[in-house]
$ cat final-v8.txt   # compact mmCIF, C-alpha atoms and all ligand atoms
# COMPACT_ATOMS: atom_id res chain seq x y z
CA MET A 1 -11.78 12.04 8.14
CA ALA A 2 -12.29 8.29 8.12
CA MET A 3 -14.12 6.23 5.59
CA THR A 4 -17.73 5.38 6.56
CA PRO A 5 -17.94 1.78 7.82
CA VAL A 6 -18.11 -0.48 4.79
CA SER A 7 -20.97 -2.86 4.28
CA ALA A 8 -21.22 -2.92 0.48
CA LEU A 9 -18.89 -2.40 -2.46
CA GLY A 10 -20.27 1.06 -3.18
CA ASP A 11 -19.03 2.21 0.24
CA LEU A 12 -15.50 2.14 -1.14
CA ARG A 13 -16.42 5.45 -2.73
CA THR A 14 -16.06 7.00 0.70
CA ALA A 15 -12.46 5.79 1.09
CA ARG A 16 -10.08 8.57 1.89
CA ARG A 17 -7.01 6.73 0.66
CA LEU A 18 -7.47 3.97 -1.89
CA VAL A 19 -5.02 1.52 -3.48
CA ILE A 20 -5.97 0.24 -6.95
CA LYS A 21 -4.07 -2.78 -8.25
CA ILE A 22 -4.01 -3.52 -11.95
CA GLY A 23 -2.89 -6.93 -13.22
CA SER A 24 -0.70 -7.62 -16.25
CA ALA A 25 -3.51 -9.19 -18.31
CA LEU A 26 -5.53 -5.97 -18.14
CA LEU A 27 -2.70 -3.74 -19.27
CA VAL A 28 -0.94 -5.92 -21.78
CA GLU A 29 -2.36 -7.97 -24.63
CA GLN A 30 0.02 -9.98 -26.79
CA GLY A 31 2.91 -7.85 -25.66
CA ARG A 32 1.19 -4.56 -26.47
CA PRO A 33 -0.21 -2.08 -23.99
CA ARG A 34 -3.99 -1.69 -23.91
CA THR A 35 -3.80 2.06 -24.06
CA GLN A 36 -7.47 2.68 -24.74
CA TRP A 37 -8.56 0.69 -21.74
CA LEU A 38 -5.94 2.43 -19.64
CA ALA A 39 -7.37 5.76 -20.79
CA THR A 40 -10.84 4.83 -19.44
CA LEU A 41 -9.28 3.73 -16.18
CA ALA A 42 -7.32 6.97 -15.94
CA ASP A 43 -10.62 8.87 -16.42
CA GLU A 44 -12.04 6.97 -13.46
CA ILE A 45 -8.96 7.53 -11.33
CA ALA A 46 -9.10 11.24 -12.07
CA ARG A 47 -12.75 11.32 -10.95
CA LEU A 48 -12.09 9.29 -7.80
CA ARG A 49 -9.23 11.55 -6.94
CA GLN A 50 -11.60 14.47 -6.46
CA SER A 51 -12.75 12.87 -3.22
CA CYS A 52 -9.91 10.58 -2.19
CA GLU A 53 -6.19 9.96 -2.52
CA VAL A 54 -5.27 7.22 -4.97
CA ILE A 55 -2.25 4.94 -5.11
CA VAL A 56 -1.84 2.65 -8.11
CA VAL A 57 -0.08 -0.71 -7.92
CA SER A 58 0.58 -1.73 -11.50
CA SER A 59 1.91 -4.95 -12.94
CA GLY A 60 2.82 -5.35 -16.56
CA ALA A 61 6.56 -4.72 -16.61
CA ILE A 62 7.50 -8.34 -17.24
CA ALA A 63 4.87 -8.82 -19.95
CA LEU A 64 5.84 -5.61 -21.77
CA GLY A 65 9.57 -6.23 -21.48
CA ALA A 66 9.37 -9.84 -22.58
CA ALA A 67 7.66 -8.79 -25.79
CA LYS A 68 10.31 -6.17 -26.48
CA LEU A 69 13.17 -8.57 -25.83
CA GLY A 70 11.47 -11.46 -27.60
CA LEU A 71 11.68 -13.71 -24.55
CA ALA A 72 9.74 -16.98 -24.40
CA LYS A 73 6.93 -17.72 -21.92
CA GLY A 74 6.13 -14.06 -21.47
CA GLY A 75 9.48 -13.59 -19.73
CA ARG A 76 8.59 -16.02 -16.97
CA GLY A 77 10.77 -18.90 -18.16
CA SER A 78 13.47 -18.15 -15.60
CA LEU A 79 14.19 -15.64 -12.86
CA ALA A 80 16.90 -14.05 -15.02
CA ASP A 81 14.44 -13.62 -17.90
CA ALA A 82 11.80 -12.12 -15.60
CA GLN A 83 14.31 -9.68 -14.14
CA ALA A 84 15.62 -8.60 -17.53
CA ALA A 85 12.08 -8.29 -18.89
CA ALA A 86 10.96 -6.26 -15.88
CA SER A 87 13.82 -3.87 -16.27
CA VAL A 88 12.96 -3.16 -19.91
CA GLY A 89 9.20 -3.21 -19.39
CA GLN A 90 9.21 -0.92 -16.35
CA VAL A 91 10.43 1.96 -18.52
CA GLU A 92 7.46 1.52 -20.81
CA LEU A 93 5.04 0.93 -17.95
CA ALA A 94 6.08 4.17 -16.30
CA ARG A 95 5.61 6.03 -19.57
CA LEU A 96 2.13 4.54 -20.07
CA TRP A 97 1.01 5.69 -16.65
CA SER A 98 2.67 9.03 -16.95
CA ASP A 99 0.92 9.67 -20.30
CA ALA A 100 -2.45 8.37 -19.13
CA LEU A 101 -2.49 10.50 -15.98
CA ASP A 102 -0.92 13.49 -17.64
CA ARG A 103 -4.02 13.86 -19.82
CA HIS A 104 -5.84 14.75 -16.60
CA GLY A 105 -3.07 17.04 -15.45
CA ILE A 106 -2.02 14.48 -12.85
CA THR A 107 1.62 13.71 -12.15
CA ALA A 108 2.58 10.05 -11.94
CA ALA A 109 5.34 9.00 -9.53
CA GLN A 110 7.14 5.69 -9.91
CA MET A 111 7.96 3.69 -6.78
CA LEU A 112 9.64 0.29 -7.02
CA VAL A 113 9.68 -1.68 -3.79
CA THR A 114 10.79 -5.08 -2.55
CA ILE A 115 9.32 -7.10 0.27
CA GLY A 116 12.21 -5.97 2.47
CA ASP A 117 11.29 -2.35 1.89
CA LEU A 118 7.90 -2.95 3.43
CA GLU A 119 8.76 -5.47 6.13
CA ASP A 120 11.91 -3.98 7.59
CA ARG A 121 10.58 -1.27 9.89
CA ARG A 122 13.25 1.24 9.05
CA ARG A 123 12.69 0.98 5.34
CA TYR A 124 8.94 0.78 5.90
CA LEU A 125 9.18 4.24 7.41
CA ASN A 126 10.94 5.51 4.30
CA ALA A 127 8.38 4.01 1.92
CA SER A 128 5.54 5.26 4.06
CA ALA A 129 6.95 8.79 4.27
CA THR A 130 7.55 8.93 0.51
CA LEU A 131 4.01 7.77 -0.25
CA ALA A 132 2.58 10.35 2.13
CA ARG A 133 4.67 13.14 0.68
CA LEU A 134 3.81 12.24 -2.91
CA LEU A 135 0.10 12.24 -2.12
CA GLU A 136 0.39 15.51 -0.27
CA ALA A 137 2.16 16.99 -3.29
CA GLY A 138 -0.73 15.89 -5.52
CA ALA A 139 1.03 13.07 -7.39
CA ILE A 140 -0.28 9.55 -7.87
CA PRO A 141 2.28 6.95 -6.80
CA VAL A 142 2.47 4.09 -9.30
CA VAL A 143 4.03 1.20 -7.43
CA ASN A 144 5.47 -2.06 -8.69
CA GLU A 145 7.76 -4.68 -7.28
CA ASN A 146 11.41 -3.97 -7.99
CA ASP A 147 11.59 -7.19 -9.98
CA SER A 148 14.94 -6.55 -11.57
CA VAL A 149 16.79 -6.57 -8.26
CA ALA A 150 14.60 -8.68 -5.99
CA THR A 151 15.65 -12.32 -5.93
CA GLU A 152 13.29 -15.26 -5.63
CA GLU A 153 13.43 -15.49 -1.83
CA ILE A 154 12.76 -11.83 -1.32
CA ARG A 155 10.16 -11.27 -4.01
CA PHE A 156 6.49 -10.82 -3.32
CA GLY A 157 6.04 -12.50 -6.70
CA ASP A 158 2.56 -11.16 -7.11
CA ASN A 159 1.32 -7.66 -6.90
CA ASP A 160 -1.84 -8.62 -5.03
CA ARG A 161 -0.01 -9.05 -1.75
CA LEU A 162 2.22 -6.14 -2.62
CA ALA A 163 -0.91 -3.98 -2.96
CA ALA A 164 -2.13 -5.03 0.49
CA ARG A 165 1.27 -4.24 2.03
CA VAL A 166 1.43 -0.90 0.26
CA ALA A 167 -2.04 -0.10 1.60
CA GLN A 168 -0.81 -0.89 5.08
CA ALA A 169 2.31 1.27 4.67
CA ALA A 170 0.26 4.12 3.25
CA GLY A 171 -2.43 3.93 5.93
CA ALA A 172 -5.00 3.40 3.15
CA ASP A 173 -8.52 2.35 4.10
CA ALA A 174 -9.32 0.30 1.03
CA VAL A 175 -7.77 -1.76 -1.74
CA MET A 176 -9.34 -2.64 -5.07
CA LEU A 177 -7.81 -5.57 -6.97
CA LEU A 178 -8.75 -5.31 -10.65
CA SER A 179 -8.90 -8.84 -11.95
CA ASP A 180 -10.23 -10.71 -14.97
CA VAL A 181 -13.17 -12.24 -13.08
CA ASP A 182 -16.13 -10.66 -11.29
CA GLY A 183 -14.89 -11.73 -7.88
CA LEU A 184 -14.60 -14.85 -5.74
CA TYR A 185 -16.94 -17.70 -6.72
CA ASP A 186 -18.02 -20.55 -4.50
CA ARG A 187 -16.42 -22.95 -7.02
CA ASP A 188 -14.57 -22.71 -10.32
CA PRO A 189 -16.48 -19.92 -12.11
CA ARG A 190 -16.49 -21.97 -15.32
CA GLU A 191 -18.66 -24.60 -13.64
CA THR A 192 -22.41 -24.21 -14.09
CA GLY A 193 -24.20 -22.92 -11.03
CA ALA A 194 -21.08 -21.17 -9.68
CA GLN A 195 -22.18 -18.27 -7.48
CA ARG A 196 -20.25 -15.11 -6.84
CA ILE A 197 -19.73 -14.28 -3.17
CA ASP A 198 -20.71 -10.65 -2.46
CA ARG A 199 -19.14 -10.28 0.94
CA VAL A 200 -16.56 -12.20 2.91
CA GLU A 201 -16.35 -11.83 6.68
CA GLY A 202 -12.92 -13.26 7.30
CA VAL A 203 -10.80 -15.42 4.99
CA THR A 204 -11.44 -18.86 6.51
CA PRO A 205 -10.22 -22.25 5.21
CA GLU A 206 -13.68 -22.66 3.61
CA ILE A 207 -13.16 -19.45 1.67
CA ILE A 208 -9.68 -20.54 0.59
CA ALA A 209 -11.12 -23.84 -0.63
CA MET A 210 -13.34 -21.89 -3.02
CA ALA A 211 -10.40 -20.34 -4.80
CA SER A 212 -9.44 -21.90 -8.04
CA SER A 213 -5.78 -21.04 -8.44
CA ALA A 214 -6.15 -21.10 -12.23
CA SER A 215 -5.90 -17.60 -13.65
CA SER A 216 -7.34 -17.49 -17.14
CA SER A 217 -4.87 -14.87 -18.31
CA GLY A 218 -1.58 -16.74 -17.89
CA LEU A 219 0.25 -13.38 -17.86
CA GLY A 220 0.26 -12.48 -14.23
CA SER A 221 1.37 -14.61 -11.33
CA GLY A 222 -1.52 -13.75 -9.06
CA GLY A 223 -4.50 -16.06 -9.34
CA MET A 224 -7.31 -16.21 -6.79
CA LEU A 225 -5.17 -17.71 -4.07
CA ALA A 226 -2.81 -14.76 -4.11
CA LYS A 227 -5.82 -12.45 -3.94
CA LEU A 228 -7.09 -14.25 -0.87
CA GLN A 229 -3.68 -13.91 0.75
CA ALA A 230 -3.84 -10.21 0.00
CA ALA A 231 -7.35 -10.09 1.48
CA ARG A 232 -6.02 -11.72 4.62
CA ILE A 233 -3.26 -9.15 5.02
CA ALA A 234 -5.78 -6.37 4.46
CA GLU A 235 -8.51 -7.65 6.79
CA ARG A 236 -6.04 -8.04 9.65
CA ALA A 237 -4.83 -4.52 9.08
CA GLY A 238 -8.38 -3.17 9.26
CA ILE A 239 -8.43 -2.41 5.53
CA ALA A 240 -11.36 -3.22 3.21
CA LEU A 241 -10.42 -5.09 0.04
CA ALA A 242 -12.44 -5.77 -3.08
CA ILE A 243 -11.87 -8.05 -6.05
CA VAL A 244 -13.56 -6.58 -9.09
CA ASN A 245 -13.54 -7.26 -12.80
CA GLY A 246 -11.20 -4.93 -14.63
CA THR A 247 -11.82 -6.21 -18.12
CA TYR A 248 -14.60 -3.72 -18.87
CA PRO A 249 -14.08 -0.11 -19.89
CA ALA A 250 -14.53 2.09 -16.81
CA PRO A 251 -14.38 -1.02 -14.58
CA ILE A 252 -14.52 0.79 -11.25
CA ALA A 253 -17.89 2.41 -11.89
CA ARG A 254 -19.26 -0.91 -13.14
CA ALA A 255 -18.23 -2.62 -9.92
CA LEU A 256 -19.12 0.09 -7.40
CA ASP A 257 -22.37 1.27 -8.97
CA ASN A 258 -23.77 -2.21 -9.49
CA GLY A 259 -22.17 -3.99 -6.56
CA ILE A 260 -20.44 -6.48 -8.84
CA GLY A 261 -17.42 -7.92 -7.09
CA THR A 262 -16.41 -9.49 -3.80
CA LEU A 263 -15.90 -7.30 -0.77
CA PHE A 264 -13.66 -8.55 2.04
CA MET A 265 -14.65 -6.84 5.24
CA PRO A 266 -11.97 -5.47 7.54
CA GLN A 267 -11.72 -7.82 10.50
CA ALA A 268 -10.18 -5.34 12.88
CA ASP A 269 -10.82 -1.69 13.46
CA ALA A 270 -8.55 0.81 11.81
CA SER A 271 -6.35 1.18 14.87
CA ALA A 272 -5.30 -2.45 14.42
CA ARG A 273 -3.28 -1.39 11.45
CA LYS A 274 -0.95 0.25 13.87
CA ALA A 275 -0.75 -2.81 16.07
CA TRP A 276 1.92 -4.57 14.07
CA LEU A 277 4.13 -1.54 14.57
CA GLY A 278 4.64 -2.56 18.14
CA GLY A 279 3.69 -6.19 18.00
CA ARG A 280 5.06 -7.85 21.07
CA LEU A 281 8.33 -5.99 20.82
CA ALA A 282 9.70 -4.35 23.93
CA PRO A 283 10.42 -0.65 23.33
CA SER A 284 14.14 0.01 22.84
CA GLY A 285 14.05 3.33 24.66
CA VAL A 286 11.93 6.13 26.04
CA VAL A 287 11.36 9.61 24.67
CA SER A 288 9.84 12.07 27.12
CA VAL A 289 7.89 15.12 26.07
CA ASP A 290 6.68 18.36 27.67
CA ALA A 291 3.06 19.22 28.49
CA GLY A 292 2.49 21.16 25.26
CA CYS A 293 3.65 18.22 23.19
CA ALA A 294 1.56 15.76 25.25
CA HIS A 295 -1.45 17.95 24.56
CA ALA A 296 -0.68 18.02 20.84
CA LEU A 297 -0.39 14.23 20.82
CA ASP A 298 -3.84 14.06 22.45
CA ASN A 299 -5.12 15.96 19.45
CA GLY A 300 -3.61 13.47 17.04
CA ALA A 301 -0.43 15.35 16.14
CA SER A 302 2.97 13.84 15.41
CA LEU A 303 5.73 14.06 18.00
CA LEU A 304 8.08 16.91 17.10
CA ALA A 305 11.61 17.47 18.38
CA ALA A 306 10.59 20.82 19.91
CA GLY A 307 8.57 18.94 22.55
CA LEU A 308 11.30 16.48 23.58
CA THR A 309 12.65 16.80 27.10
CA ASP A 310 14.59 13.59 27.66
CA ILE A 311 15.86 10.50 25.83
CA GLU A 312 16.58 7.20 27.56
CA GLY A 313 18.27 4.18 26.06
CA GLU A 314 20.03 3.55 22.78
CA PHE A 315 17.93 2.96 19.71
CA SER A 316 18.17 3.10 15.94
CA ARG A 317 15.87 4.64 13.39
CA GLY A 318 12.80 2.44 12.96
CA ASP A 319 12.95 1.02 16.51
CA LEU A 320 9.97 1.08 18.79
CA VAL A 321 10.15 3.67 21.58
CA ALA A 322 7.86 4.39 24.51
CA ILE A 323 6.55 7.96 24.76
CA HIS A 324 6.31 9.45 28.26
CA GLY A 325 4.62 12.66 29.39
CA PRO A 326 5.99 15.32 31.78
CA LYS A 327 5.10 13.27 34.89
CA GLY A 328 6.60 10.09 33.51
CA GLU A 329 3.17 8.80 32.50
CA ARG A 330 3.08 6.54 29.47
CA LEU A 331 1.41 8.26 26.52
CA GLY A 332 1.98 5.63 23.90
CA GLN A 333 4.61 4.13 21.68
CA GLY A 334 5.76 4.39 18.11
CA LEU A 335 8.48 3.91 15.53
CA VAL A 336 11.15 6.54 15.95
CA GLU A 337 12.51 8.37 12.91
CA TYR A 338 15.93 9.13 14.43
CA THR A 339 18.64 7.31 16.38
CA ALA A 340 18.90 8.05 20.11
CA ALA A 341 22.01 10.18 19.47
CA GLU A 342 20.17 12.25 16.86
CA CYS A 343 17.18 12.67 19.20
CA ARG A 344 19.53 13.99 21.89
CA ALA A 345 21.09 16.36 19.38
CA ILE A 346 17.77 17.90 18.37
CA LEU A 347 16.08 17.75 21.78
CA GLY A 348 13.84 20.80 22.16
CA LEU A 349 14.85 22.30 18.83
CA ARG A 350 12.46 23.81 16.34
CA GLU A 351 12.57 22.61 12.76
CA ASP A 352 14.64 25.51 11.46
CA GLN A 353 17.32 24.82 14.09
CA GLN A 354 17.49 21.09 13.48
CA ALA A 355 19.13 21.09 10.05
CA GLN A 356 22.15 22.94 11.36
CA ARG A 357 22.58 20.54 14.26
CA LEU A 358 22.03 17.42 12.17
CA GLY A 359 23.90 18.50 9.06
CA TYR A 360 21.05 17.31 6.87
CA ALA A 361 17.40 18.14 6.25
CA PRO A 362 15.32 17.04 9.23
CA ARG A 363 12.51 14.54 8.91
CA ALA A 364 8.90 15.58 9.33
CA ALA A 365 8.66 14.29 12.92
CA VAL A 366 10.45 12.32 15.62
CA VAL A 367 7.52 9.89 15.75
CA HIS A 368 4.95 10.34 13.01
CA ARG A 369 1.32 10.00 14.09
CA ASP A 370 0.76 7.24 11.51
CA HIS A 371 3.40 5.14 13.27
CA MET A 372 2.24 5.84 16.82
CA VAL A 373 -0.15 3.93 19.05
CA ARG A 374 -1.58 5.86 22.00
CA ALA A 375 -1.69 4.24 25.42
N1 LIG A 401 5.70 -7.17 -10.92
C1 LIG A 401 5.31 -7.95 -12.06
C2 LIG A 401 5.28 -7.10 -13.31
O1 LIG A 401 5.26 -5.91 -13.26
C3 LIG A 401 3.95 -8.56 -11.92
C4 LIG A 401 3.71 -9.40 -10.73
C5 LIG A 401 2.32 -10.02 -10.83
O2 LIG A 401 2.10 -10.76 -11.78
O3 LIG A 401 1.46 -9.74 -9.98
O4 LIG A 401 5.24 -7.60 -14.41

$ encode --input "final-v8.txt" --output "C-alpha cells"
Amino acid sequence: MAMTPVSALGDLRTARRLVIKIGSALLVEQGRPRTQWLATLADEIARLRQSCEVIVVSSGAIALGAAKLGLAKGGRGSLADAQAAASVGQVELARLWSDALDRHGITAAQMLVTIGDLEDRRRYLNASATLARLLEAGAIPVVNENDSVATEEIRFGDNDRLAARVAQAAGADAVMLLSDVDGLYDRDPRETGAQRIDRVEGVTPEIIAMASSASSSGLGSGGMLAKLQAARIAERAGIALAIVNGTYPAPIARALDNGIGTLFMPQADASARKAWLGGRLAPSGVVSVDAGCAHALDNGASLLAAGLTDIEGEFSRGDLVAIHGPKGERLGQGLVEYTAAECRAILGLREDQQAQRLGYAPRAAVVHRDHMVRA
C-alpha cells in the first residue's frame, strides 16, 4: 500500500516506510547523551510504528566518543580523531538506542554503512536486503556511517545525505531530518523578518541560496546545505523529505500536527526510484522465465529461480539483466542477485532444492521486485 500523495507535512503520517534522521546536537549535550529527550522520541517512534515501518539514521558517535576519550574539538580535529571517537562512541550510541527502544519492546538493529555500500550496486543489494529483512522481522534498523573505517574520500561526512541514500535503498517513501531549526528559511533565520518555507517544489539554485550553512550546534557536520543536498537526492528518487525541529520533546508530533517544518515534495513518481537501477546501462545478460513466472511478475512478485527457463550472457551479482517472457518478449529489467553461473545452476529449482545445489543458503529471489523495473 503506497503513501497517499503528499501535499502537507501531516501527510507523512501515511508513509508506509519512514526514515528518521537524528543529528548529534539533539542526542548529545556537552558529551553526555540526552536520554530523556531520546525517551520522548522513542515514544513517538513506537507510536508511528503501529502504522508504518521506521528506520532510524542516528549521528552522535563522534560526539559521544570524543567526550569519553577527552579529544579536542568534539573529536573533529582530525580524521584520525573522528575515526577513533566514532569507534568508541558507536558502542554507546547503540546501547542508547537499544535501551530506548527496548522500553517499548522493540528490538534495535545496528547497521554501519559507507558510501560504497550504498553506491556499488552489489553492496546496495546487500544493504537493501538486510534492511528489508530487519523490518520484516520487526526490528528497527539504527543506521550510522561506518566512520571508523571510511576514509575522507569515501565518507558521506554527514548523515543527512546518508539518510536520503538509506531511504532510497530501503524503498522508503519519506524521510524526516530532525534538526535544530524549524525548517528552511528564506534567509538566515536569525535575521528579523526571516520566513520559514512550508513547501519546496524542487531544490533550485534560488532555494540553495537561502541556506545558511551555519549550523548553530557546532556538533554535527550537516548544516542546511547538506540537508538541501539530501532533499535533492530524495526528490529525484520520488521520496518526500521534511526538515523539522527536533529540539522539542516529542518533536515529530509537534511538526506533523502543526505543520511546522519544511516539506520537500517528491519531484518524480515513486517508480523513478527504480530508474537509477538501470540508468543508461546496457543489460549484461538475459534471464528468461516461464508463463507462470511472467504472470507472477505482472502481479508484482519477485522473480524466483523456479520460473527460470534460460540464461544468456555472463553477469555478476548486482549487474543489470533483461527479463524475457516465454515468447522472448521483454518483461522488464532488474539487478540480479546471482552470477550467471549460479542462475544456471538453480534454473527451475524450488527454494528447498537450491541450497543443495549452491552449497549455501539461497537468497530470497533471483531479481527482487524492489530492484526490478517492468517494461
Ligand atoms: N556519523 C557521525 C556520527 O555519528 C555524524 C555525521 C554527521 O554529523 O551528520 O557522529

$ residues_near_ligand --input "final-v8.txt" --ligand "ligand LIG 401 (chain A)" --cutoff "9 Å" --atoms "all atoms listed in the file" --output "JSON, numbers by chain"
{"A": [22, 23, 24, 25, 58, 59, 60, 61, 62, 63, 64, 65, 82, 85, 86, 89, 90, 93, 144, 145, 146, 147, 156, 157, 158, 159, 160, 161, 162, 219, 220, 221, 222, 223, 226]}

$ write_last_selection --input "final-v8.txt" --atoms "C-alpha atoms" --output "PDB file, in the frame of the given file"
ATOM      1  CA  ILE A  22      -4.010  -3.520 -11.950  1.00  0.00           C
ATOM      2  CA  GLY A  23      -2.890  -6.930 -13.220  1.00  0.00           C
ATOM      3  CA  SER A  24      -0.700  -7.620 -16.250  1.00  0.00           C
ATOM      4  CA  ALA A  25      -3.510  -9.190 -18.310  1.00  0.00           C
ATOM      5  CA  SER A  58       0.580  -1.730 -11.500  1.00  0.00           C
ATOM      6  CA  SER A  59       1.910  -4.950 -12.940  1.00  0.00           C
ATOM      7  CA  GLY A  60       2.820  -5.350 -16.560  1.00  0.00           C
ATOM      8  CA  ALA A  61       6.560  -4.720 -16.610  1.00  0.00           C
ATOM      9  CA  ILE A  62       7.500  -8.340 -17.240  1.00  0.00           C
ATOM     10  CA  ALA A  63       4.870  -8.820 -19.950  1.00  0.00           C
ATOM     11  CA  LEU A  64       5.840  -5.610 -21.770  1.00  0.00           C
ATOM     12  CA  GLY A  65       9.570  -6.230 -21.480  1.00  0.00           C
ATOM     13  CA  ALA A  82      11.800 -12.120 -15.600  1.00  0.00           C
ATOM     14  CA  ALA A  85      12.080  -8.290 -18.890  1.00  0.00           C
ATOM     15  CA  ALA A  86      10.960  -6.260 -15.880  1.00  0.00           C
ATOM     16  CA  GLY A  89       9.200  -3.210 -19.390  1.00  0.00           C
ATOM     17  CA  GLN A  90       9.210  -0.920 -16.350  1.00  0.00           C
ATOM     18  CA  LEU A  93       5.040   0.930 -17.950  1.00  0.00           C
ATOM     19  CA  ASN A 144       5.470  -2.060  -8.690  1.00  0.00           C
ATOM     20  CA  GLU A 145       7.760  -4.680  -7.280  1.00  0.00           C
ATOM     21  CA  ASN A 146      11.410  -3.970  -7.990  1.00  0.00           C
ATOM     22  CA  ASP A 147      11.590  -7.190  -9.980  1.00  0.00           C
ATOM     23  CA  PHE A 156       6.490 -10.820  -3.320  1.00  0.00           C
ATOM     24  CA  GLY A 157       6.040 -12.500  -6.700  1.00  0.00           C
ATOM     25  CA  ASP A 158       2.560 -11.160  -7.110  1.00  0.00           C
ATOM     26  CA  ASN A 159       1.320  -7.660  -6.900  1.00  0.00           C
ATOM     27  CA  ASP A 160      -1.840  -8.620  -5.030  1.00  0.00           C
ATOM     28  CA  ARG A 161      -0.010  -9.050  -1.750  1.00  0.00           C
ATOM     29  CA  LEU A 162       2.220  -6.140  -2.620  1.00  0.00           C
ATOM     30  CA  LEU A 219       0.250 -13.380 -17.860  1.00  0.00           C
ATOM     31  CA  GLY A 220       0.260 -12.480 -14.230  1.00  0.00           C
ATOM     32  CA  SER A 221       1.370 -14.610 -11.330  1.00  0.00           C
ATOM     33  CA  GLY A 222      -1.520 -13.750  -9.060  1.00  0.00           C
ATOM     34  CA  GLY A 223      -4.500 -16.060  -9.340  1.00  0.00           C
ATOM     35  CA  ALA A 226      -2.810 -14.760  -4.110  1.00  0.00           C
TER      36      ALA A 226
END

$ closest_residue --input "final-v8.txt" --among "A:Met210, A:Leu71, A:Ala94, A:Val6" --to "Ala108 of chain A" --atoms "all atoms listed in the file"
A:Ala94

$ closest_residue --input "final-v8.txt" --among "A:Ala230, A:Leu177, A:Leu12, A:Ala132" --to "Ser51 of chain A" --atoms "all atoms listed in the file"
A:Leu12

$ closest_residue --input "final-v8.txt" --among "A:Ile207, A:Ala66, A:Ala341, A:Leu118" --to "Ala164 of chain A" --atoms "all atoms listed in the file"
A:Leu118

$ atom_distance --input "final-v8.txt" --atom1 "atom CA of Phe264 of chain A" --atom2 "atom CA of His368 of chain A"
28.7 Å

$ atom_distance --input "final-v8.txt" --atom1 "atom CA of Val142 of chain A" --atom2 "atom CA of Val19 of chain A"
9.8 Å

$ closest_residue --input "final-v8.txt" --among "A:Val286, A:Ser316, A:Gln356, A:Asp310" --to "Gly332 of chain A" --atoms "all atoms listed in the file"
A:Val286

$ closest_residue --input "final-v8.txt" --among "A:Ala294, A:Ile208, A:Ala172, A:Leu134" --to "Asp186 of chain A" --atoms "all atoms listed in the file"
A:Ile208

$ closest_residue --input "final-v8.txt" --among "A:Ala242, A:Leu101, A:Val143, A:Ala291" --to "Ser179 of chain A" --atoms "all atoms listed in the file"
A:Ala242

$ atom_distance --input "final-v8.txt" --atom1 "atom CA of Arg374 of chain A" --atom2 "atom CA of Val336 of chain A"
14.1 Å

$ residues_near_point --input "final-v8.txt" --point "(-13.9, -17.9, -8.6)" --cutoff "12 Å" --atoms "all atoms listed in the file" --output "JSON, numbers by chain"
{"A": [179, 180, 181, 182, 183, 184, 185, 186, 187, 188, 189, 190, 191, 192, 193, 194, 195, 196, 197, 198, 207, 208, 209, 210, 211, 212, 213, 214, 215, 216, 223, 224, 225, 227, 228, 243, 244, 245, 261, 262]}

$ write_last_selection --input "final-v8.txt" --atoms "C-alpha atoms" --output "PDB file, in the frame of the given file"
ATOM      1  CA  SER A 179      -8.900  -8.840 -11.950  1.00  0.00           C
ATOM      2  CA  ASP A 180     -10.230 -10.710 -14.970  1.00  0.00           C
ATOM      3  CA  VAL A 181     -13.170 -12.240 -13.080  1.00  0.00           C
ATOM      4  CA  ASP A 182     -16.130 -10.660 -11.290  1.00  0.00           C
ATOM      5  CA  GLY A 183     -14.890 -11.730  -7.880  1.00  0.00           C
ATOM      6  CA  LEU A 184     -14.600 -14.850  -5.740  1.00  0.00           C
ATOM      7  CA  TYR A 185     -16.940 -17.700  -6.720  1.00  0.00           C
ATOM      8  CA  ASP A 186     -18.020 -20.550  -4.500  1.00  0.00           C
ATOM      9  CA  ARG A 187     -16.420 -22.950  -7.020  1.00  0.00           C
ATOM     10  CA  ASP A 188     -14.570 -22.710 -10.320  1.00  0.00           C
ATOM     11  CA  PRO A 189     -16.480 -19.920 -12.110  1.00  0.00           C
ATOM     12  CA  ARG A 190     -16.490 -21.970 -15.320  1.00  0.00           C
ATOM     13  CA  GLU A 191     -18.660 -24.600 -13.640  1.00  0.00           C
ATOM     14  CA  THR A 192     -22.410 -24.210 -14.090  1.00  0.00           C
ATOM     15  CA  GLY A 193     -24.200 -22.920 -11.030  1.00  0.00           C
ATOM     16  CA  ALA A 194     -21.080 -21.170  -9.680  1.00  0.00           C
ATOM     17  CA  GLN A 195     -22.180 -18.270  -7.480  1.00  0.00           C
ATOM     18  CA  ARG A 196     -20.250 -15.110  -6.840  1.00  0.00           C
ATOM     19  CA  ILE A 197     -19.730 -14.280  -3.170  1.00  0.00           C
ATOM     20  CA  ASP A 198     -20.710 -10.650  -2.460  1.00  0.00           C
ATOM     21  CA  ILE A 207     -13.160 -19.450   1.670  1.00  0.00           C
ATOM     22  CA  ILE A 208      -9.680 -20.540   0.590  1.00  0.00           C
ATOM     23  CA  ALA A 209     -11.120 -23.840  -0.630  1.00  0.00           C
ATOM     24  CA  MET A 210     -13.340 -21.890  -3.020  1.00  0.00           C
ATOM     25  CA  ALA A 211     -10.400 -20.340  -4.800  1.00  0.00           C
ATOM     26  CA  SER A 212      -9.440 -21.900  -8.040  1.00  0.00           C
ATOM     27  CA  SER A 213      -5.780 -21.040  -8.440  1.00  0.00           C
ATOM     28  CA  ALA A 214      -6.150 -21.100 -12.230  1.00  0.00           C
ATOM     29  CA  SER A 215      -5.900 -17.600 -13.650  1.00  0.00           C
ATOM     30  CA  SER A 216      -7.340 -17.490 -17.140  1.00  0.00           C
ATOM     31  CA  GLY A 223      -4.500 -16.060  -9.340  1.00  0.00           C
ATOM     32  CA  MET A 224      -7.310 -16.210  -6.790  1.00  0.00           C
ATOM     33  CA  LEU A 225      -5.170 -17.710  -4.070  1.00  0.00           C
ATOM     34  CA  LYS A 227      -5.820 -12.450  -3.940  1.00  0.00           C
ATOM     35  CA  LEU A 228      -7.090 -14.250  -0.870  1.00  0.00           C
ATOM     36  CA  ILE A 243     -11.870  -8.050  -6.050  1.00  0.00           C
ATOM     37  CA  VAL A 244     -13.560  -6.580  -9.090  1.00  0.00           C
ATOM     38  CA  ASN A 245     -13.540  -7.260 -12.800  1.00  0.00           C
ATOM     39  CA  GLY A 261     -17.420  -7.920  -7.090  1.00  0.00           C
ATOM     40  CA  THR A 262     -16.410  -9.490  -3.800  1.00  0.00           C
TER      41      THR A 262
END

$ residues_around --input "final-v8.txt" --residues "segment 121-130 of chain A" --least-positions-apart "4" --cutoff "8 Å" --atoms "all atoms listed in the file" --output "list in words"
Gly116, Asp117, Leu134, Ala169, Ala170, Leu277, Arg317, Gly318, Asp319, Leu335 and Glu337 of chain A
